[in-house]
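Enquirer: TSV, C-alpha atoms, file final.tsv:
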```tsv
chain	number	residue	atom	x	y	z
A	14	MET	CA	-15.47	-72.44	-85.86
A	15	LYS	CA	-18.93	-72.63	-87.45
A	16	MET	CA	-19.03	-76.42	-87.05
A	17	ASN	CA	-18.06	-76.13	-83.37
A	18	LEU	CA	-20.83	-73.60	-82.84
A	19	LEU	CA	-23.40	-75.95	-84.39
A	20	LYS	CA	-22.18	-78.84	-82.24
A	21	THR	CA	-22.42	-76.65	-79.16
A	22	SER	CA	-25.97	-75.58	-80.09
A	23	TYR	CA	-27.02	-79.16	-80.64
A	24	PHE	CA	-25.50	-80.22	-77.30
A	25	ILE	CA	-27.40	-77.43	-75.54
A	26	ILE	CA	-30.67	-78.56	-77.17
A	27	LEU	CA	-30.11	-82.17	-76.10
A	28	LEU	CA	-29.22	-81.01	-72.60
A	29	GLN	CA	-32.41	-78.93	-72.45
A	30	THR	CA	-34.44	-81.97	-73.45
A	31	SER	CA	-32.84	-84.11	-70.74
A	32	LEU	CA	-33.36	-81.42	-68.11
A	33	THR	CA	-36.97	-80.95	-69.21
A	34	PHE	CA	-37.84	-84.60	-68.64
A	35	THR	CA	-35.93	-84.69	-65.33
A	36	ALA	CA	-37.59	-81.53	-64.05
A	37	TYR	CA	-41.03	-82.70	-65.03
A	38	ALA	CA	-40.53	-86.05	-63.34
A	39	GLN	CA	-39.37	-84.35	-60.13
A	40	PHE	CA	-41.66	-81.37	-59.90
A	41	GLY	CA	-44.77	-82.26	-61.93
A	42	GLY	CA	-47.32	-79.44	-61.65
A	43	LEU	CA	-44.75	-76.95	-60.37
A	44	LYS	CA	-43.26	-76.79	-63.88
A	45	ASP	CA	-46.67	-75.85	-65.31
A	46	LYS	CA	-47.08	-73.00	-62.79
A	47	VAL	CA	-43.60	-71.61	-63.49
A	48	LEU	CA	-44.14	-71.72	-67.27
A	49	SER	CA	-47.57	-70.07	-66.99
A	50	ALA	CA	-46.26	-67.35	-64.69
A	51	GLY	CA	-43.32	-66.59	-66.97
A	52	SER	CA	-45.53	-66.50	-70.07
A	53	ALA	CA	-48.04	-64.24	-68.34
A	54	VAL	CA	-45.32	-61.69	-67.51
A	55	ALA	CA	-44.03	-61.83	-71.10
A	56	SER	CA	-47.53	-61.38	-72.56
A	57	LYS	CA	-48.33	-58.38	-70.38
A	58	ALA	CA	-45.03	-56.79	-71.38
A	59	LEU	CA	-45.81	-57.38	-75.06
A	60	GLY	CA	-49.31	-55.90	-74.86
A	61	VAL	CA	-52.57	-56.93	-76.56
A	62	ASP	CA	-52.13	-54.76	-79.66
A	63	LYS	CA	-48.64	-56.11	-80.34
A	64	ILE	CA	-49.84	-59.66	-79.78
A	65	LEU	CA	-52.55	-59.21	-82.40
A	66	LYS	CA	-50.02	-57.80	-84.87
A	67	GLN	CA	-47.82	-60.91	-84.65
A	68	PRO	CA	-48.11	-62.71	-88.01
A	69	ALA	CA	-49.50	-66.23	-88.18
A	70	ALA	CA	-46.87	-68.96	-88.58
A	71	ILE	CA	-48.43	-69.96	-91.92
A	72	THR	CA	-50.48	-67.30	-93.69
A	73	THR	CA	-51.75	-69.19	-96.78
A	74	SER	CA	-55.42	-68.53	-97.46
A	75	PHE	CA	-57.82	-69.04	-100.36
A	76	GLU	CA	-56.92	-65.54	-101.52
A	77	ASP	CA	-53.50	-66.99	-102.44
A	78	VAL	CA	-55.08	-69.44	-104.90
A	79	ASP	CA	-54.55	-68.53	-108.55
A	80	LYS	CA	-57.79	-69.66	-110.23
A	81	THR	CA	-56.56	-68.80	-113.73
A	82	GLY	CA	-56.87	-71.86	-115.99
A	83	SER	CA	-58.79	-73.92	-113.42
A	84	LYS	CA	-61.01	-76.74	-114.70
A	85	LEU	CA	-64.34	-78.10	-113.45
A	86	PRO	CA	-64.48	-81.61	-111.90
A	87	ASP	CA	-65.61	-83.27	-115.16
A	88	PHE	CA	-62.22	-82.51	-116.76
A	89	LYS	CA	-60.57	-85.90	-117.51
A	90	ALA	CA	-63.56	-87.63	-115.90
A	91	ASN	CA	-63.46	-90.55	-118.36
A	92	GLU	CA	-59.73	-91.27	-117.98
A	93	LYS	CA	-58.19	-93.77	-115.58
A	94	ALA	CA	-55.32	-92.55	-113.43
A	95	GLN	CA	-52.01	-94.39	-113.08
A	96	PRO	CA	-50.10	-94.55	-109.76
A	97	LEU	CA	-48.10	-91.36	-109.30
A	98	TYR	CA	-45.66	-93.08	-106.94
A	99	LEU	CA	-44.39	-95.29	-109.79
A	100	LEU	CA	-42.84	-92.29	-111.53
A	101	PRO	CA	-39.07	-91.79	-111.03
A	102	LYS	CA	-38.05	-90.04	-107.81
A	103	ALA	CA	-36.33	-86.67	-108.13
A	104	PRO	CA	-32.94	-86.27	-106.37
A	105	ASP	CA	-34.21	-83.47	-104.10
A	106	GLY	CA	-37.58	-85.07	-103.41
A	107	GLY	CA	-40.80	-85.55	-105.32
A	108	TYR	CA	-41.49	-87.24	-108.65
A	109	VAL	CA	-40.35	-86.58	-112.22
A	110	LEU	CA	-43.53	-86.07	-114.21
A	111	CYS	CA	-44.38	-87.72	-117.49
A	112	GLU	CA	-47.28	-87.04	-119.85
A	113	GLY	CA	-50.53	-88.51	-118.55
A	114	PHE	CA	-53.02	-88.75	-115.69
A	115	TYR	CA	-51.80	-89.85	-112.25
A	116	GLU	CA	-53.03	-90.20	-108.68
A	117	MET	CA	-51.65	-91.02	-105.26
A	118	THR	CA	-53.14	-91.25	-101.78
A	119	THR	CA	-50.74	-89.66	-99.32
A	120	LYS	CA	-50.21	-88.53	-95.77
A	121	SER	CA	-51.40	-84.97	-95.22
A	122	TYR	CA	-51.38	-82.62	-92.25
A	123	CYS	CA	-53.66	-79.98	-90.75
A	124	LEU	CA	-52.12	-76.51	-90.81
A	125	MET	CA	-54.98	-74.55	-89.22
A	126	ALA	CA	-55.97	-75.18	-85.61
A	127	GLY	CA	-59.49	-74.37	-84.45
A	128	THR	CA	-61.21	-75.23	-87.76
A	129	PHE	CA	-63.44	-77.97	-89.15
A	130	ALA	CA	-62.16	-81.19	-90.69
A	131	PRO	CA	-62.69	-81.47	-94.48
A	132	SER	CA	-66.09	-82.65	-95.65
A	133	SER	CA	-66.89	-84.52	-98.86
A	134	GLY	CA	-68.36	-81.38	-100.42
A	135	ASP	CA	-65.42	-79.06	-99.80
A	136	GLY	CA	-63.59	-77.65	-102.79
A	137	TYR	CA	-59.80	-77.62	-102.35
A	138	MET	CA	-57.33	-75.88	-104.65
A	139	TYR	CA	-53.55	-75.59	-104.79
A	140	ALA	CA	-51.76	-72.75	-103.00
A	141	PRO	CA	-48.10	-72.41	-101.97
A	142	THR	CA	-47.01	-72.57	-98.34
A	143	LEU	CA	-46.55	-68.97	-97.19
A	144	GLY	CA	-45.62	-67.34	-93.90
A	145	PRO	CA	-42.73	-66.93	-91.45
A	146	LYS	CA	-42.50	-70.68	-90.76
A	147	GLU	CA	-42.77	-71.77	-94.43
A	148	GLU	CA	-39.21	-73.14	-94.59
A	149	ILE	CA	-39.55	-74.95	-91.26
A	150	VAL	CA	-42.79	-76.69	-92.29
A	151	THR	CA	-41.35	-77.70	-95.68
A	152	THR	CA	-38.19	-79.04	-94.00
A	153	ILE	CA	-40.24	-81.15	-91.59
A	154	LEU	CA	-42.26	-82.69	-94.42
A	155	LYS	CA	-39.14	-83.43	-96.47
A	156	ASN	CA	-37.25	-84.95	-93.55
A	157	ALA	CA	-40.25	-86.97	-92.40
A	158	GLU	CA	-39.88	-89.09	-95.53
A	159	LYS	CA	-36.32	-89.92	-94.44
A	160	HIS	CA	-37.51	-90.92	-90.96
A	161	PRO	CA	-40.29	-93.52	-91.38
A	162	GLU	CA	-39.84	-94.42	-87.71
A	163	VAL	CA	-41.43	-91.08	-86.72
A	164	HIS	CA	-45.20	-91.53	-86.42
A	165	GLN	CA	-47.56	-89.31	-88.39
A	166	HIS	CA	-49.35	-88.31	-85.17
A	167	ASP	CA	-46.07	-87.06	-83.67
A	168	ILE	CA	-45.36	-84.98	-86.78
A	169	GLN	CA	-48.88	-83.56	-86.68
A	170	MET	CA	-48.47	-82.54	-83.03
A	171	LEU	CA	-45.18	-80.80	-83.88
A	172	LEU	CA	-46.87	-78.93	-86.74
A	173	TRP	CA	-49.73	-77.89	-84.46
A	174	ALA	CA	-47.19	-76.57	-81.94
A	175	ILE	CA	-45.51	-74.54	-84.71
A	176	ILE	CA	-48.82	-73.26	-86.11
A	177	ALA	CA	-49.81	-72.25	-82.57
A	178	ARG	CA	-46.58	-70.18	-82.39
A	179	THR	CA	-45.26	-72.08	-79.38
A	180	LYS	CA	-41.84	-71.00	-78.11
A	181	PHE	CA	-39.25	-73.72	-78.59
A	182	ALA	CA	-38.17	-73.08	-74.99
A	183	ASP	CA	-41.65	-74.35	-74.00
A	184	TYR	CA	-41.43	-77.54	-76.07
A	185	SER	CA	-41.55	-80.70	-73.99
A	186	GLY	CA	-42.11	-84.44	-74.22
A	187	GLN	CA	-42.57	-86.19	-77.57
A	188	ILE	CA	-42.99	-82.94	-79.52
A	189	LYS	CA	-39.50	-81.82	-78.50
A	190	LEU	CA	-38.01	-85.19	-79.46
A	191	THR	CA	-39.76	-85.06	-82.86
A	192	ALA	CA	-38.46	-81.54	-83.47
A	193	ILE	CA	-34.88	-82.58	-82.67
A	194	THR	CA	-35.20	-85.60	-84.99
A	195	LEU	CA	-36.55	-83.69	-88.00
A	196	LEU	CA	-34.88	-80.29	-87.66
A	197	SER	CA	-31.29	-79.08	-87.49
A	198	PRO	CA	-30.01	-76.98	-84.56
A	199	GLN	CA	-30.20	-73.93	-86.83
A	200	ASP	CA	-33.87	-74.71	-87.63
A	201	LEU	CA	-34.68	-75.18	-83.96
A	202	LEU	CA	-33.34	-71.74	-83.14
A	203	LYS	CA	-35.66	-70.25	-85.77
A	204	LEU	CA	-38.69	-71.61	-83.88
A	205	GLU	CA	-38.27	-68.86	-81.28
A	206	GLY	CA	-38.91	-66.11	-83.82
A	207	GLY	CA	-42.48	-64.78	-83.81
A	208	ALA	CA	-43.53	-67.18	-81.06
A	209	LEU	CA	-46.03	-66.39	-78.31
A	210	GLY	CA	-46.14	-67.50	-74.70
A	211	ILE	CA	-49.21	-68.79	-72.90
A	212	LEU	CA	-51.67	-65.89	-72.72
A	213	PRO	CA	-53.45	-65.51	-69.35
A	214	GLY	CA	-57.24	-65.30	-69.27
A	215	ASN	CA	-57.58	-61.52	-69.01
A	216	ILE	CA	-55.27	-60.89	-71.97
A	217	MET	CA	-56.98	-63.63	-74.00
A	218	GLU	CA	-60.38	-62.02	-73.47
A	219	LYS	CA	-59.10	-58.56	-74.41
A	220	ALA	CA	-57.45	-59.90	-77.54
A	221	LYS	CA	-60.46	-61.99	-78.58
A	222	SER	CA	-62.79	-58.99	-78.24
A	223	LYS	CA	-60.81	-57.27	-81.00
A	224	LEU	CA	-60.99	-60.21	-83.42
A	225	PRO	CA	-63.74	-61.38	-85.82
A	226	GLU	CA	-65.78	-64.28	-84.45
A	227	GLY	CA	-64.23	-66.96	-86.72
A	228	ILE	CA	-60.70	-65.85	-85.85
A	229	GLN	CA	-61.48	-65.91	-82.11
A	230	THR	CA	-61.86	-69.69	-82.19
A	231	ILE	CA	-58.50	-70.14	-83.94
A	232	PHE	CA	-56.78	-67.72	-81.55
A	233	GLU	CA	-58.10	-69.54	-78.49
A	234	ALA	CA	-57.30	-72.99	-79.92
A	235	GLU	CA	-53.68	-71.93	-80.49
A	236	ASN	CA	-53.38	-70.73	-76.89
A	237	GLN	CA	-54.76	-74.04	-75.58
A	238	ILE	CA	-52.23	-75.94	-77.69
A	239	ARG	CA	-49.39	-73.78	-76.31
A	240	LYS	CA	-50.56	-74.67	-72.79
A	241	LEU	CA	-50.58	-78.39	-73.57
A	242	VAL	CA	-47.14	-78.36	-75.19
A	243	ALA	CA	-45.58	-76.43	-72.30
A	244	SER	CA	-47.17	-78.70	-69.69
A	245	GLY	CA	-45.46	-81.81	-71.05
A	246	ASN	CA	-48.59	-83.72	-70.08
A	247	TYR	CA	-50.55	-84.17	-73.29
A	248	SER	CA	-51.78	-86.75	-75.76
A	249	TYR	CA	-52.63	-86.62	-79.44
A	250	ALA	CA	-56.35	-86.87	-78.62
A	251	GLU	CA	-56.15	-83.91	-76.22
A	252	MET	CA	-54.39	-81.74	-78.77
A	253	GLU	CA	-56.74	-82.80	-81.56
A	254	LYS	CA	-59.69	-81.72	-79.40
A	255	TYR	CA	-58.54	-78.11	-79.68
A	256	ALA	CA	-57.18	-78.29	-83.21
A	257	ILE	CA	-60.25	-79.87	-84.84
A	258	ILE	CA	-63.77	-78.51	-84.32
A	259	ALA	CA	-66.47	-81.17	-84.18
A	260	GLY	CA	-68.85	-81.22	-87.15
A	261	PHE	CA	-68.41	-79.80	-90.64
A	262	ALA	CA	-68.43	-76.33	-92.14
A	263	PRO	CA	-71.08	-75.80	-94.83
A	264	PRO	CA	-69.40	-76.15	-98.26
A	265	ARG	CA	-69.15	-73.31	-100.76
A	266	THR	CA	-71.20	-74.18	-103.81
A	267	ASP	CA	-69.18	-71.91	-106.12
A	268	VAL	CA	-66.03	-74.03	-105.65
A	269	PRO	CA	-67.01	-77.69	-106.10
A	270	SER	CA	-65.18	-80.70	-104.76
A	271	GLY	CA	-62.78	-82.07	-107.39
A	272	ILE	CA	-62.01	-78.72	-109.02
A	273	TRP	CA	-58.66	-78.62	-110.87
A	274	THR	CA	-55.98	-75.97	-110.30
A	275	LEU	CA	-53.47	-75.11	-113.01
A	276	HIS	CA	-50.19	-75.37	-111.09
A	277	PRO	CA	-47.55	-72.66	-111.74
A	278	ASP	CA	-45.33	-75.41	-113.21
A	279	GLY	CA	-47.89	-76.11	-115.93
A	280	TYR	CA	-49.65	-79.31	-114.85
A	281	TYR	CA	-53.13	-79.65	-113.34
A	282	VAL	CA	-53.72	-80.81	-109.76
A	283	ARG	CA	-56.72	-81.53	-107.58
A	284	TYR	CA	-57.36	-82.88	-104.07
A	285	PHE	CA	-59.80	-85.26	-102.37
A	286	PRO	CA	-59.21	-85.20	-98.60
A	287	SER	CA	-60.36	-88.03	-96.30
A	288	GLY	CA	-60.29	-86.20	-93.00
A	289	TYR	CA	-57.16	-84.14	-92.54
A	290	SER	CA	-54.55	-86.91	-92.38
A	291	ILE	CA	-55.18	-88.54	-95.79
A	292	THR	CA	-55.49	-86.86	-99.19
A	293	LYS	CA	-55.85	-88.33	-102.64
A	294	VAL	CA	-54.08	-86.09	-105.13
A	295	GLN	CA	-54.62	-86.33	-108.88
A	296	ILE	CA	-52.34	-84.79	-111.50
A	297	TYR	CA	-52.77	-84.34	-115.23
A	298	VAL	CA	-49.64	-83.57	-117.27
A	299	PRO	CA	-50.37	-82.27	-120.80
A	300	LYS	CA	-48.11	-83.51	-123.58
A	301	GLU	CA	-47.51	-79.91	-124.66
A	302	LEU	CA	-46.00	-79.08	-121.28
A	303	LEU	CA	-43.16	-81.54	-121.79
A	304	LEU	CA	-42.70	-80.66	-125.47
A	305	ASN	CA	-42.21	-77.01	-124.53
A	306	SER	CA	-39.97	-77.64	-121.52
A	307	ASN	CA	-36.74	-77.62	-123.57
A	308	GLY	CA	-35.66	-80.85	-121.92
A	309	LYS	CA	-36.14	-79.51	-118.39
A	310	ARG	CA	-37.69	-82.02	-116.02
A	311	ILE	CA	-41.03	-81.12	-114.46
A	312	ILE	CA	-41.03	-82.15	-110.79
A	313	TYR	CA	-44.00	-82.73	-108.53
A	314	ASP	CA	-42.77	-82.03	-105.00
A	315	ALA	CA	-45.71	-81.69	-102.64
A	316	THR	CA	-43.81	-80.53	-99.56
A	317	ASN	CA	-44.38	-76.85	-100.35
A	318	ASP	CA	-47.99	-77.38	-101.45
A	319	ILE	CA	-51.16	-76.69	-99.51
A	320	ALA	CA	-54.58	-78.04	-100.44
A	321	CYS	CA	-56.44	-74.85	-99.58
A	322	PRO	CA	-60.19	-74.92	-98.86
A	323	ALA	CA	-62.51	-72.40	-100.43
A	324	ASN	CA	-64.40	-72.54	-97.15
A	325	VAL	CA	-62.40	-70.51	-94.62
A	326	GLY	CA	-63.90	-72.60	-91.80
A	327	SER	CA	-62.15	-75.76	-93.01
A	328	GLN	CA	-58.52	-76.81	-92.59
A	329	ARG	CA	-55.57	-76.09	-94.83
A	330	LEU	CA	-53.86	-79.37	-95.63
A	331	ALA	CA	-50.09	-79.66	-96.06
A	332	GLN	CA	-49.25	-82.22	-98.74
A	333	THR	CA	-46.45	-84.82	-98.79
A	334	ASN	CA	-44.65	-87.15	-101.17
A	335	GLU	CA	-45.38	-90.15	-98.93
A	336	PRO	CA	-47.82	-92.63	-100.52
A	337	LEU	CA	-50.10	-94.71	-98.32
A	338	ASN	CA	-50.28	-98.45	-99.11
A	339	PRO	CA	-48.41	-98.26	-102.44
A	340	ASP	CA	-48.37	-101.32	-104.67
A	341	TYR	CA	-44.97	-101.37	-106.36
A	342	LYS	CA	-45.81	-104.55	-108.25
A	343	LEU	CA	-47.87	-102.41	-110.63
A	344	LYS	CA	-46.31	-101.06	-113.82
A	345	LEU	CA	-46.81	-97.79	-115.66
A	346	LYS	CA	-48.65	-98.28	-118.93
A	347	LEU	CA	-47.06	-95.25	-120.58
A	348	PHE	CA	-43.40	-95.10	-121.53
A	349	CYS	CA	-41.89	-91.85	-120.28
A	350	VAL	CA	-39.68	-90.47	-123.04
A	351	GLY	CA	-36.37	-89.13	-121.78
A	352	ILE	CA	-36.88	-90.50	-118.26
A	353	GLU	CA	-34.74	-93.38	-117.07
```
Take the structure in the file and give it back as structure tokens.
Expert:
Amino acid sequence: MKMNLLKTSYFIILLQTSLTFTAYAQFGGLKDKVLSAGSAVASKALGVDKILKQPAAITTSFEDVDKTGSKLPDFKANEKAQPLYLLPKAPDGGYVLCEGFYEMTTKSYCLMAGTFAPSSGDGYMYAPTLGPKEEIVTTILKNAEKHPEVHQHDIQMLLWAIIARTKFADYSGQIKLTAITLLSPQDLLKLEGGALGILPGNIMEKAKSKLPEGIQTIFEAENQIRKLVASGNYSYAEMEKYAIIAGFAPPRTDVPSGIWTLHPDGYYVRYFPSGYSITKVQIYVPKELLLNSNGKRIIYDATNDIACPANVGSQRLAQTNEPLNPDYKLKLKLFCVGIE
């Protein structure tokens, strides 16, 4: 019975996708007007105060960073890192850690629309992915590794749609196809929870007037993204225009670039973003950590990790296990005891 229900749900989702493309091809701008009108009615019914009380899809902030045990950038400055991607893969994703110093340049994703891209002076520290859409975001990042045919830009647009709290019923075009590829029917149904429609101008202005200045920009950027997604007529560049603010936020001098975070699992990690789509991650695994693990493997799985900026004006960066330009001809110099 349960399997039949899932098959039925999946069929309905595929049918919706087909009808969406057909309707858009036939009616063009009429679809936009209908969506906007429906969203406007829904927003007025919800009310400004209730809209503002809706939680963000991902809530992680620098306040969620545990700075206990952190190290300054000169920690391990004289050591050379080995490629992290050469470590054994864990069955459920990620890498089995061995004693030593490792690094890997990976795909990363912006998880905060309406903010500045990372600058070279920004200090980033580890924080877990938190919020109502935590499981959805983690699932997308895990499944993306299994679908190399899905372009990073398409995954980023899907994440922006989720961060903007777009209703799945409003998904269209490539974003809808990406969602269906990377998420199960059950996951897709969860996208409706906590979502917002397109807010009309008068409600937007009322809501913005009750928000701090920095939050106003994020709130408006999310609404613009919802409009683009629902229209079905968008490009990556158009969405990026709202998601990424031109220029750079001034860095916080009290949290320097290259600062190390002591991860809850006992190893040290730090981040060096290059824009929002590429991050070099470095990890140091103390020998004592493995000696005291009682034979338990220590896994680095980045799909629930956020490189969180000390500067609230910069972007949170979702991390992945996907290396960019790996060289598998290289060999690890250190023998990992107990790891086959």
Enquirer: Just the residues within 10 Å of Pro145 in chain A, please, counting all atoms listed in the file, with nothing from its chain fewer than 4 positions along; format it as a list in words.
Expert: Pro68, Ala69, Ala70, Ile71, Thr72, Ile149, Val150, Lys203, Leu204, Gly206 and Gly207 of chain A
Enquirer: How many Å separate CA of Lys102 in chain A from CA of Leu124 in chain A?
Expert: 25.9 Å
Enquirer: One decimal, in Å: what's the spacing between CA of Pro322 in chain A and CA of Pro264 in chain A?
Expert: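 Separation of CA of Pro322 in chain A and CA of Pro264 in chain A: 9.3 Å.
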Enquirer: Set the distance at 8 Å and use all atoms listed in the file: which residues neighbour range 125-139 of chain A once local chain neighbours fewer than 2 positions away are removed? I'd like the list as a PDB file with C-alpha atoms, in the frame of the given file.
Expert:
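Saved result, out.pdb, follows:
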```
ATOM      1  CA  VAL A  78     -55.080 -69.440-104.900  1.00  0.00           C
ATOM      2  CA  CYS A 123     -53.660 -79.980 -90.750  1.00  0.00           C
ATOM      3  CA  PRO A 141     -48.100 -72.410-101.970  1.00  0.00           C
ATOM      4  CA  TRP A 173     -49.730 -77.890 -84.460  1.00  0.00           C
ATOM      5  CA  ILE A 176     -48.820 -73.260 -86.110  1.00  0.00           C
ATOM      6  CA  ALA A 177     -49.810 -72.250 -82.570  1.00  0.00           C
ATOM      7  CA  THR A 230     -61.860 -69.690 -82.190  1.00  0.00           C
ATOM      8  CA  ILE A 231     -58.500 -70.140 -83.940  1.00  0.00           C
ATOM      9  CA  PHE A 232     -56.780 -67.720 -81.550  1.00  0.00           C
ATOM     10  CA  GLU A 233     -58.100 -69.540 -78.490  1.00  0.00           C
ATOM     11  CA  ALA A 234     -57.300 -72.990 -79.920  1.00  0.00           C
ATOM     12  CA  GLU A 235     -53.680 -71.930 -80.490  1.00  0.00           C
ATOM     13  CA  TYR A 255     -58.540 -78.110 -79.680  1.00  0.00           C
ATOM     14  CA  ALA A 256     -57.180 -78.290 -83.210  1.00  0.00           C
ATOM     15  CA  ILE A 257     -60.250 -79.870 -84.840  1.00  0.00           C
ATOM     16  CA  ILE A 258     -63.770 -78.510 -84.320  1.00  0.00           C
ATOM     17  CA  ALA A 259     -66.470 -81.170 -84.180  1.00  0.00           C
ATOM     18  CA  GLY A 260     -68.850 -81.220 -87.150  1.00  0.00           C
ATOM     19  CA  PHE A 261     -68.410 -79.800 -90.640  1.00  0.00           C
ATOM     20  CA  ALA A 262     -68.430 -76.330 -92.140  1.00  0.00           C
ATOM     21  CA  PRO A 264     -69.400 -76.150 -98.260  1.00  0.00           C
ATOM     22  CA  ARG A 265     -69.150 -73.310-100.760  1.00  0.00           C
ATOM     23  CA  VAL A 268     -66.030 -74.030-105.650  1.00  0.00           C
ATOM     24  CA  PRO A 269     -67.010 -77.690-106.100  1.00  0.00           C
ATOM     25  CA  SER A 270     -65.180 -80.700-104.760  1.00  0.00           C
ATOM     26  CA  GLY A 271     -62.780 -82.070-107.390  1.00  0.00           C
ATOM     27  CA  ILE A 272     -62.010 -78.720-109.020  1.00  0.00           C
ATOM     28  CA  TRP A 273     -58.660 -78.620-110.870  1.00  0.00           C
ATOM     29  CA  THR A 274     -55.980 -75.970-110.300  1.00  0.00           C
ATOM     30  CA  HIS A 276     -50.190 -75.370-111.090  1.00  0.00           C
ATOM     31  CA  VAL A 282     -53.720 -80.810-109.760  1.00  0.00           C
ATOM     32  CA  ARG A 283     -56.720 -81.530-107.580  1.00  0.00           C
ATOM     33  CA  TYR A 284     -57.360 -82.880-104.070  1.00  0.00           C
ATOM     34  CA  PHE A 285     -59.800 -85.260-102.370  1.00  0.00           C
ATOM     35  CA  PRO A 286     -59.210 -85.200 -98.600  1.00  0.00           C
ATOM     36  CA  SER A 287     -60.360 -88.030 -96.300  1.00  0.00           C
ATOM     37  CA  GLY A 288     -60.290 -86.200 -93.000  1.00  0.00           C
ATOM     38  CA  TYR A 289     -57.160 -84.140 -92.540  1.00  0.00           C
ATOM     39  CA  ASP A 318     -47.990 -77.380-101.450  1.00  0.00           C
ATOM     40  CA  ILE A 319     -51.160 -76.690 -99.510  1.00  0.00           C
ATOM     41  CA  ALA A 320     -54.580 -78.040-100.440  1.00  0.00           C
ATOM     42  CA  CYS A 321     -56.440 -74.850 -99.580  1.00  0.00           C
ATOM     43  CA  PRO A 322     -60.190 -74.920 -98.860  1.00  0.00           C
ATOM     44  CA  ALA A 323     -62.510 -72.400-100.430  1.00  0.00           C
ATOM     45  CA  ASN A 324     -64.400 -72.540 -97.150  1.00  0.00           C
ATOM     46  CA  GLY A 326     -63.900 -72.600 -91.800  1.00  0.00           C
ATOM     47  CA  SER A 327     -62.150 -75.760 -93.010  1.00  0.00           C
ATOM     48  CA  GLN A 328     -58.520 -76.810 -92.590  1.00  0.00           C
ATOM     49  CA  ARG A 329     -55.570 -76.090 -94.830  1.00  0.00           C
TER      50      ARG A 329
END
```
Enquirer: Nearest to Leu195 in chain A: which of A:Thr179, A:Ser74, A:Lys159, A:Gln165 is it, counting all atoms listed in the file?
Expert: A:Lys159
Enquirer: Using Å and a single decimal, report how far CA of Phe114 in chain A sits from CA of Val294 in chain A.
Expert: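 Computing it gives 10.9 Å between the two atoms.
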Enquirer: Measuring between only C-alpha atoms, which one of A:Leu343, A:Ile296, A:Cys111, A:Leu241 shows the shortest distance to Phe88 in chain A?
Expert: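 Using only C-alpha atoms, the shortest distance to Phe88 in chain A belongs to A:Ile296.
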Enquirer: Would you mind telling me which residue in A:Glu253, A:Gln169, A:Ile311, A:Tyr341 lies nearest to Tyr108 in chain A when using only C-alpha atoms?
Expert: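 That would be A:Ile311, the residue with the smallest distance to Tyr108 in chain A.
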Enquirer: Which residues are near Asn246 in chain A? Cut-off 9 Å, only C-alpha atoms, ignore same chain within fewer than 4 positions. Put them as a count of residues only.
Expert: 4
Enquirer: A:Leu275, A:Ile188, A:Leu202, A:Met117: which is nearest Asn338 in chain A, counting only C-alpha atoms?
Expert: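 The answer is A:Met117, which sits nearest to Asn338 in chain A.
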Enquirer: Here is a test: counting all atoms listed in the file, which residue of A:Asp267, A:Gln295, A:Gln332, A:Tyr281 is nearest to Leu97 in chain A?
Expert: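 The closest residue to Leu97 in chain A is A:Gln295.
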Enquirer: Using only C-alpha atoms, which of A:Leu100, A:Leu154, A:Leu347, A:Leu110 sits nearest Thr142 in chain A?
Expert: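 Smallest separation from Thr142 in chain A among the options: A:Leu154.
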